[in-house]
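K.L.:
My structure is in target-v5.cif, and what it holds is mmCIF, C-alpha atoms:
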data_upload
#
loop_
_atom_site.group_PDB
_atom_site.id
_atom_site.type_symbol
_atom_site.label_atom_id
_atom_site.label_comp_id
_atom_site.auth_asym_id
_atom_site.auth_seq_id
_atom_site.Cartn_x
_atom_site.Cartn_y
_atom_site.Cartn_z
ATOM 1 C CA MET A 1 113.664 107.041 135.153
ATOM 2 C CA THR A 2 115.224 103.968 133.599
ATOM 3 C CA VAL A 3 116.311 103.777 129.998
ATOM 4 C CA ARG A 4 113.679 101.139 129.164
ATOM 5 C CA SER A 5 110.788 103.200 130.482
ATOM 6 C CA ALA A 6 112.075 106.324 128.694
ATOM 7 C CA VAL A 7 112.364 104.427 125.402
ATOM 8 C CA GLN A 8 108.829 103.067 125.814
ATOM 9 C CA GLU A 9 107.495 106.528 126.617
ATOM 10 C CA ILE A 10 109.139 108.135 123.575
ATOM 11 C CA ALA A 11 108.167 105.329 121.187
ATOM 12 C CA LEU A 12 104.523 105.338 122.244
ATOM 13 C CA GLU A 13 104.341 109.132 122.416
ATOM 14 C CA HIS A 14 105.262 109.439 118.760
ATOM 15 C CA GLY A 15 102.967 106.734 117.461
ATOM 16 C CA ARG A 16 105.659 104.221 116.516
ATOM 17 C CA TYR A 17 107.082 106.493 113.829
ATOM 18 C CA TYR A 18 110.362 107.039 115.681
ATOM 19 C CA GLY A 19 113.072 104.494 114.989
ATOM 20 C CA TYR A 20 115.996 103.735 117.231
ATOM 21 C CA ARG A 21 118.039 106.622 115.822
ATOM 22 C CA ARG A 22 115.406 109.239 116.613
ATOM 23 C CA VAL A 23 114.702 107.700 120.020
ATOM 24 C CA THR A 24 118.439 107.806 120.796
ATOM 25 C CA ALA A 25 118.593 111.460 119.757
ATOM 26 C CA GLU A 26 115.570 112.277 121.916
ATOM 27 C CA LEU A 27 117.112 110.507 124.910
ATOM 28 C CA ARG A 28 120.306 112.499 124.470
ATOM 29 C CA ARG A 29 118.269 115.719 124.296
ATOM 30 C CA ARG A 30 116.710 114.704 127.610
ATOM 31 C CA GLY A 31 120.166 114.270 129.116
ATOM 32 C CA MET A 32 120.538 110.488 129.043
ATOM 33 C CA MET A 33 123.767 109.283 127.460
ATOM 34 C CA VAL A 34 122.827 105.968 125.887
ATOM 35 C CA ASN A 35 124.216 103.908 123.024
ATOM 36 C CA HIS A 36 122.130 103.425 119.868
ATOM 37 C CA LYS A 37 122.717 99.665 119.988
ATOM 38 C CA ARG A 38 121.199 99.488 123.454
ATOM 39 C CA VAL A 39 118.146 101.471 122.325
ATOM 40 C CA ASP A 40 117.761 99.189 119.304
ATOM 41 C CA GLY A 41 117.922 96.110 121.524
ATOM 42 C CA ILE A 42 115.354 97.499 123.954
ATOM 43 C CA MET A 43 113.003 98.381 121.113
ATOM 44 C CA ARG A 44 113.354 94.907 119.606
ATOM 45 C CA THR A 45 112.694 93.054 122.864
ATOM 46 C CA ASP A 46 109.706 95.266 123.716
ATOM 47 C CA ASN A 47 108.360 95.016 120.144
ATOM 48 C CA LEU A 48 108.427 98.779 119.635
ATOM 49 C CA LEU A 49 109.628 98.669 116.059
ATOM 50 C CA THR A 50 108.502 101.326 113.633
ATOM 51 C CA ILE A 51 105.792 100.994 111.038
ATOM 52 C CA GLN A 52 107.353 100.973 107.592
ATOM 53 C CA ASN A 53 105.006 101.947 104.788
ATOM 54 C CA ARG A 54 106.783 102.300 101.509
ATOM 55 C CA GLU A 55 104.930 103.017 98.354
ATOM 56 C CA LEU A 56 106.219 100.985 95.447
ATOM 57 C CA ARG A 57 107.431 103.065 92.558
ATOM 58 C CA GLN A 58 106.874 101.911 89.012
ATOM 59 C CA VAL A 59 110.221 101.989 87.259
ATOM 60 C CA THR A 60 109.290 101.169 83.671
ATOM 61 C CA ASP A 61 106.065 101.174 81.720
ATOM 62 C CA ARG A 62 104.894 98.613 79.241
ATOM 63 C CA ASP A 63 103.155 99.398 76.006
ATOM 64 C CA THR A 64 99.983 97.491 75.137
ATOM 65 C CA THR A 65 102.067 95.330 72.788
ATOM 66 C CA GLY A 66 104.395 94.352 75.616
ATOM 67 C CA ASP A 67 107.301 96.499 74.438
ATOM 68 C CA PHE A 68 109.055 98.704 76.932
ATOM 69 C CA ILE A 69 108.588 102.457 76.658
ATOM 70 C CA LEU A 70 111.760 104.354 77.325
ATOM 71 C CA PRO A 71 110.722 107.962 77.997
ATOM 72 C CA SER A 72 114.258 109.276 77.800
ATOM 73 C CA LEU A 73 114.671 108.004 74.215
ATOM 74 C CA VAL A 74 111.240 108.983 72.870
ATOM 75 C CA ALA A 75 111.691 112.295 71.128
#
The structure given in the file should be rewritten as structure tokens.

P.N.:
Amino acid sequence: MTVRSAVQEIALEHGRYYGYRRVTAELRRRGMMVNHKRVDGIMRTDNLLTIQNRELRQVTDRDTTGDFILPSLVA
């Protein structure tokens, strides 16, 4: 089995949630010694990049008057 086909199999098996680091670790568990840069390059050329969903976190709140509320100082 070639490295490219193994990377494609692992990436599609895990629903595109595995990045190049996890794919590299899985390949090493399967006994294939491969560099992480090579795995990253294969994933980029085959368009097997991961889906990145990050939820935005609200850092500060605004009062209705437009003033900032600082919860650590309100006491």

K.L.:
Give as a PyMOL selection string the residues that the PyMOL selection byres ((chain A and resi 35) around 12) matches when applied to the coordinates above.

P.N.:
chain A and resi 3+20-21+23-25+27-28+32-34+36-42

K.L.:
Record the distance separating atom CA of A:Leu48 and atom CA of A:Arg22, expressed in Å with one decimal.

P.N.:
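Distance reported for this atom pair: 12.9 Å.
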
K.L.:
On this file, the PyMOL selection byres ((chain A and resi 49) around 10) gives some set of residues; write that set as a PyMOL selection string.

P.N.:
chain A and resi 11+16-20+40+42-48+50-52

K.L.:
Would you mind exporting the chosen residues as a compact mmCIF listing (two decimals), keeping the file's coordinate frame, restricted to C-alpha atoms?

P.N.:
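Below you can see out-v6.txt, which holds the result:
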# COMPACT_ATOMS: atom_id res chain seq x y z
CA ALA A 11 108.17 105.33 121.19
CA ARG A 16 105.66 104.22 116.52
CA TYR A 17 107.08 106.49 113.83
CA TYR A 18 110.36 107.04 115.68
CA GLY A 19 113.07 104.49 114.99
CA TYR A 20 116.00 103.74 117.23
CA ASP A 40 117.76 99.19 119.30
CA ILE A 42 115.35 97.50 123.95
CA MET A 43 113.00 98.38 121.11
CA ARG A 44 113.35 94.91 119.61
CA THR A 45 112.69 93.05 122.86
CA ASP A 46 109.71 95.27 123.72
CA ASN A 47 108.36 95.02 120.14
CA LEU A 48 108.43 98.78 119.64
CA THR A 50 108.50 101.33 113.63
CA ILE A 51 105.79 100.99 111.04
CA GLN A 52 107.35 100.97 107.59

K.L.:
What gap, in Å, lies between atom CA of A:Glu55 and atom CA of A:His14?

P.N.:
21.4 Å

K.L.:
Assuming 3 Å of padding per side, give the centre and edge lengths of the axis-aligned box around every listed atom of stretch 16-31 of chain A, in Å to one decimal and as lines of an AutoDock Vina configuration file.

P.N.:
center_x = 113.0
center_y = 109.7
center_z = 121.5
size_x = 20.6
size_y = 18.0
size_z = 21.3

K.L.:
Grab the atom CA of A:Ile10 to atom CA of A:Arg29 distance for me, in Å with one decimal place.

P.N.:
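Spanning atom CA of A:Ile10 to atom CA of A:Arg29 is a straight-line distance of 11.9 Å.
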
K.L.:
Supply stretch 9-28 of chain A as a PDB file, keeping the file's coordinate frame, with N, CA, C and O atoms built in where the input has gaps.

P.N.:
ATOM      1  N   GLU A   9     108.256 105.281 126.609  1.00  0.00           N
ATOM      2  CA  GLU A   9     107.495 106.528 126.617  1.00  0.00           C
ATOM      3  C   GLU A   9     107.649 107.288 125.300  1.00  0.00           C
ATOM      4  O   GLU A   9     106.669 107.744 124.718  1.00  0.00           O
ATOM      5  N   ILE A  10     108.878 107.402 124.816  1.00  0.00           N
ATOM      6  CA  ILE A  10     109.139 108.135 123.575  1.00  0.00           C
ATOM      7  C   ILE A  10     108.520 107.421 122.384  1.00  0.00           C
ATOM      8  O   ILE A  10     107.895 108.035 121.519  1.00  0.00           O
ATOM      9  N   ALA A  11     108.679 106.092 122.324  1.00  0.00           N
ATOM     10  CA  ALA A  11     108.167 105.329 121.187  1.00  0.00           C
ATOM     11  C   ALA A  11     106.645 105.389 121.114  1.00  0.00           C
ATOM     12  O   ALA A  11     106.072 105.537 120.028  1.00  0.00           O
ATOM     13  N   LEU A  12     105.989 105.301 122.252  1.00  0.00           N
ATOM     14  CA  LEU A  12     104.523 105.338 122.244  1.00  0.00           C
ATOM     15  C   LEU A  12     103.983 106.761 122.093  1.00  0.00           C
ATOM     16  O   LEU A  12     102.898 106.960 121.571  1.00  0.00           O
ATOM     17  N   GLU A  13     104.750 107.732 122.544  1.00  0.00           N
ATOM     18  CA  GLU A  13     104.341 109.132 122.416  1.00  0.00           C
ATOM     19  C   GLU A  13     104.292 109.572 120.957  1.00  0.00           C
ATOM     20  O   GLU A  13     103.440 110.358 120.571  1.00  0.00           O
ATOM     21  N   HIS A  14     105.176 109.026 120.153  1.00  0.00           N
ATOM     22  CA  HIS A  14     105.262 109.439 118.760  1.00  0.00           C
ATOM     23  C   HIS A  14     104.607 108.448 117.810  1.00  0.00           C
ATOM     24  O   HIS A  14     104.877 108.462 116.616  1.00  0.00           O
ATOM     25  N   GLY A  15     103.774 107.599 118.306  1.00  0.00           N
ATOM     26  CA  GLY A  15     102.967 106.734 117.461  1.00  0.00           C
ATOM     27  C   GLY A  15     103.735 105.727 116.639  1.00  0.00           C
ATOM     28  O   GLY A  15     103.354 105.412 115.524  1.00  0.00           O
ATOM     29  N   ARG A  16     104.836 105.243 117.162  1.00  0.00           N
ATOM     30  CA  ARG A  16     105.659 104.221 116.516  1.00  0.00           C
ATOM     31  C   ARG A  16     106.232 104.676 115.176  1.00  0.00           C
ATOM     32  O   ARG A  16     106.463 103.889 114.286  1.00  0.00           O
ATOM     33  N   TYR A  17     106.428 105.973 115.024  1.00  0.00           N
ATOM     34  CA  TYR A  17     107.082 106.493 113.829  1.00  0.00           C
ATOM     35  C   TYR A  17     108.544 106.831 114.086  1.00  0.00           C
ATOM     36  O   TYR A  17     109.252 107.200 113.170  1.00  0.00           O
ATOM     37  N   TYR A  18     108.971 106.768 115.336  1.00  0.00           N
ATOM     38  CA  TYR A  18     110.362 107.039 115.681  1.00  0.00           C
ATOM     39  C   TYR A  18     111.128 105.722 115.705  1.00  0.00           C
ATOM     40  O   TYR A  18     110.751 104.794 116.421  1.00  0.00           O
ATOM     41  N   GLY A  19     112.202 105.654 114.949  1.00  0.00           N
ATOM     42  CA  GLY A  19     113.072 104.494 114.989  1.00  0.00           C
ATOM     43  C   GLY A  19     114.099 104.641 116.097  1.00  0.00           C
ATOM     44  O   GLY A  19     114.075 105.592 116.888  1.00  0.00           O
ATOM     45  N   TYR A  20     115.029 103.704 116.141  1.00  0.00           N
ATOM     46  CA  TYR A  20     115.996 103.735 117.231  1.00  0.00           C
ATOM     47  C   TYR A  20     116.918 104.938 117.144  1.00  0.00           C
ATOM     48  O   TYR A  20     117.377 105.448 118.158  1.00  0.00           O
ATOM     49  N   ARG A  21     117.163 105.449 115.947  1.00  0.00           N
ATOM     50  CA  ARG A  21     118.039 106.622 115.822  1.00  0.00           C
ATOM     51  C   ARG A  21     117.375 107.868 116.402  1.00  0.00           C
ATOM     52  O   ARG A  21     118.001 108.639 117.131  1.00  0.00           O
ATOM     53  N   ARG A  22     116.111 108.072 116.081  1.00  0.00           N
ATOM     54  CA  ARG A  22     115.406 109.239 116.613  1.00  0.00           C
ATOM     55  C   ARG A  22     115.185 109.119 118.115  1.00  0.00           C
ATOM     56  O   ARG A  22     115.252 110.121 118.835  1.00  0.00           O
ATOM     57  N   VAL A  23     114.894 107.909 118.581  1.00  0.00           N
ATOM     58  CA  VAL A  23     114.702 107.700 120.020  1.00  0.00           C
ATOM     59  C   VAL A  23     116.009 107.977 120.755  1.00  0.00           C
ATOM     60  O   VAL A  23     116.019 108.615 121.813  1.00  0.00           O
ATOM     61  N   THR A  24     117.138 107.531 120.183  1.00  0.00           N
ATOM     62  CA  THR A  24     118.439 107.806 120.796  1.00  0.00           C
ATOM     63  C   THR A  24     118.709 109.298 120.862  1.00  0.00           C
ATOM     64  O   THR A  24     119.180 109.818 121.881  1.00  0.00           O
ATOM     65  N   ALA A  25     118.391 110.006 119.771  1.00  0.00           N
ATOM     66  CA  ALA A  25     118.593 111.460 119.757  1.00  0.00           C
ATOM     67  C   ALA A  25     117.707 112.146 120.789  1.00  0.00           C
ATOM     68  O   ALA A  25     118.146 113.081 121.473  1.00  0.00           O
ATOM     69  N   GLU A  26     116.482 111.685 120.929  1.00  0.00           N
ATOM     70  CA  GLU A  26     115.570 112.277 121.916  1.00  0.00           C
ATOM     71  C   GLU A  26     116.050 112.006 123.339  1.00  0.00           C
ATOM     72  O   GLU A  26     115.980 112.878 124.208  1.00  0.00           O
ATOM     73  N   LEU A  27     116.573 110.811 123.583  1.00  0.00           N
ATOM     74  CA  LEU A  27     117.112 110.507 124.910  1.00  0.00           C
ATOM     75  C   LEU A  27     118.310 111.382 125.229  1.00  0.00           C
ATOM     76  O   LEU A  27     118.474 111.843 126.368  1.00  0.00           O
ATOM     77  N   ARG A  28     119.146 111.630 124.243  1.00  0.00           N
ATOM     78  CA  ARG A  28     120.306 112.499 124.470  1.00  0.00           C
ATOM     79  C   ARG A  28     119.882 113.931 124.701  1.00  0.00           C
ATOM     80  O   ARG A  28     120.506 114.651 125.484  1.00  0.00           O
TER      81      ARG A  28
END
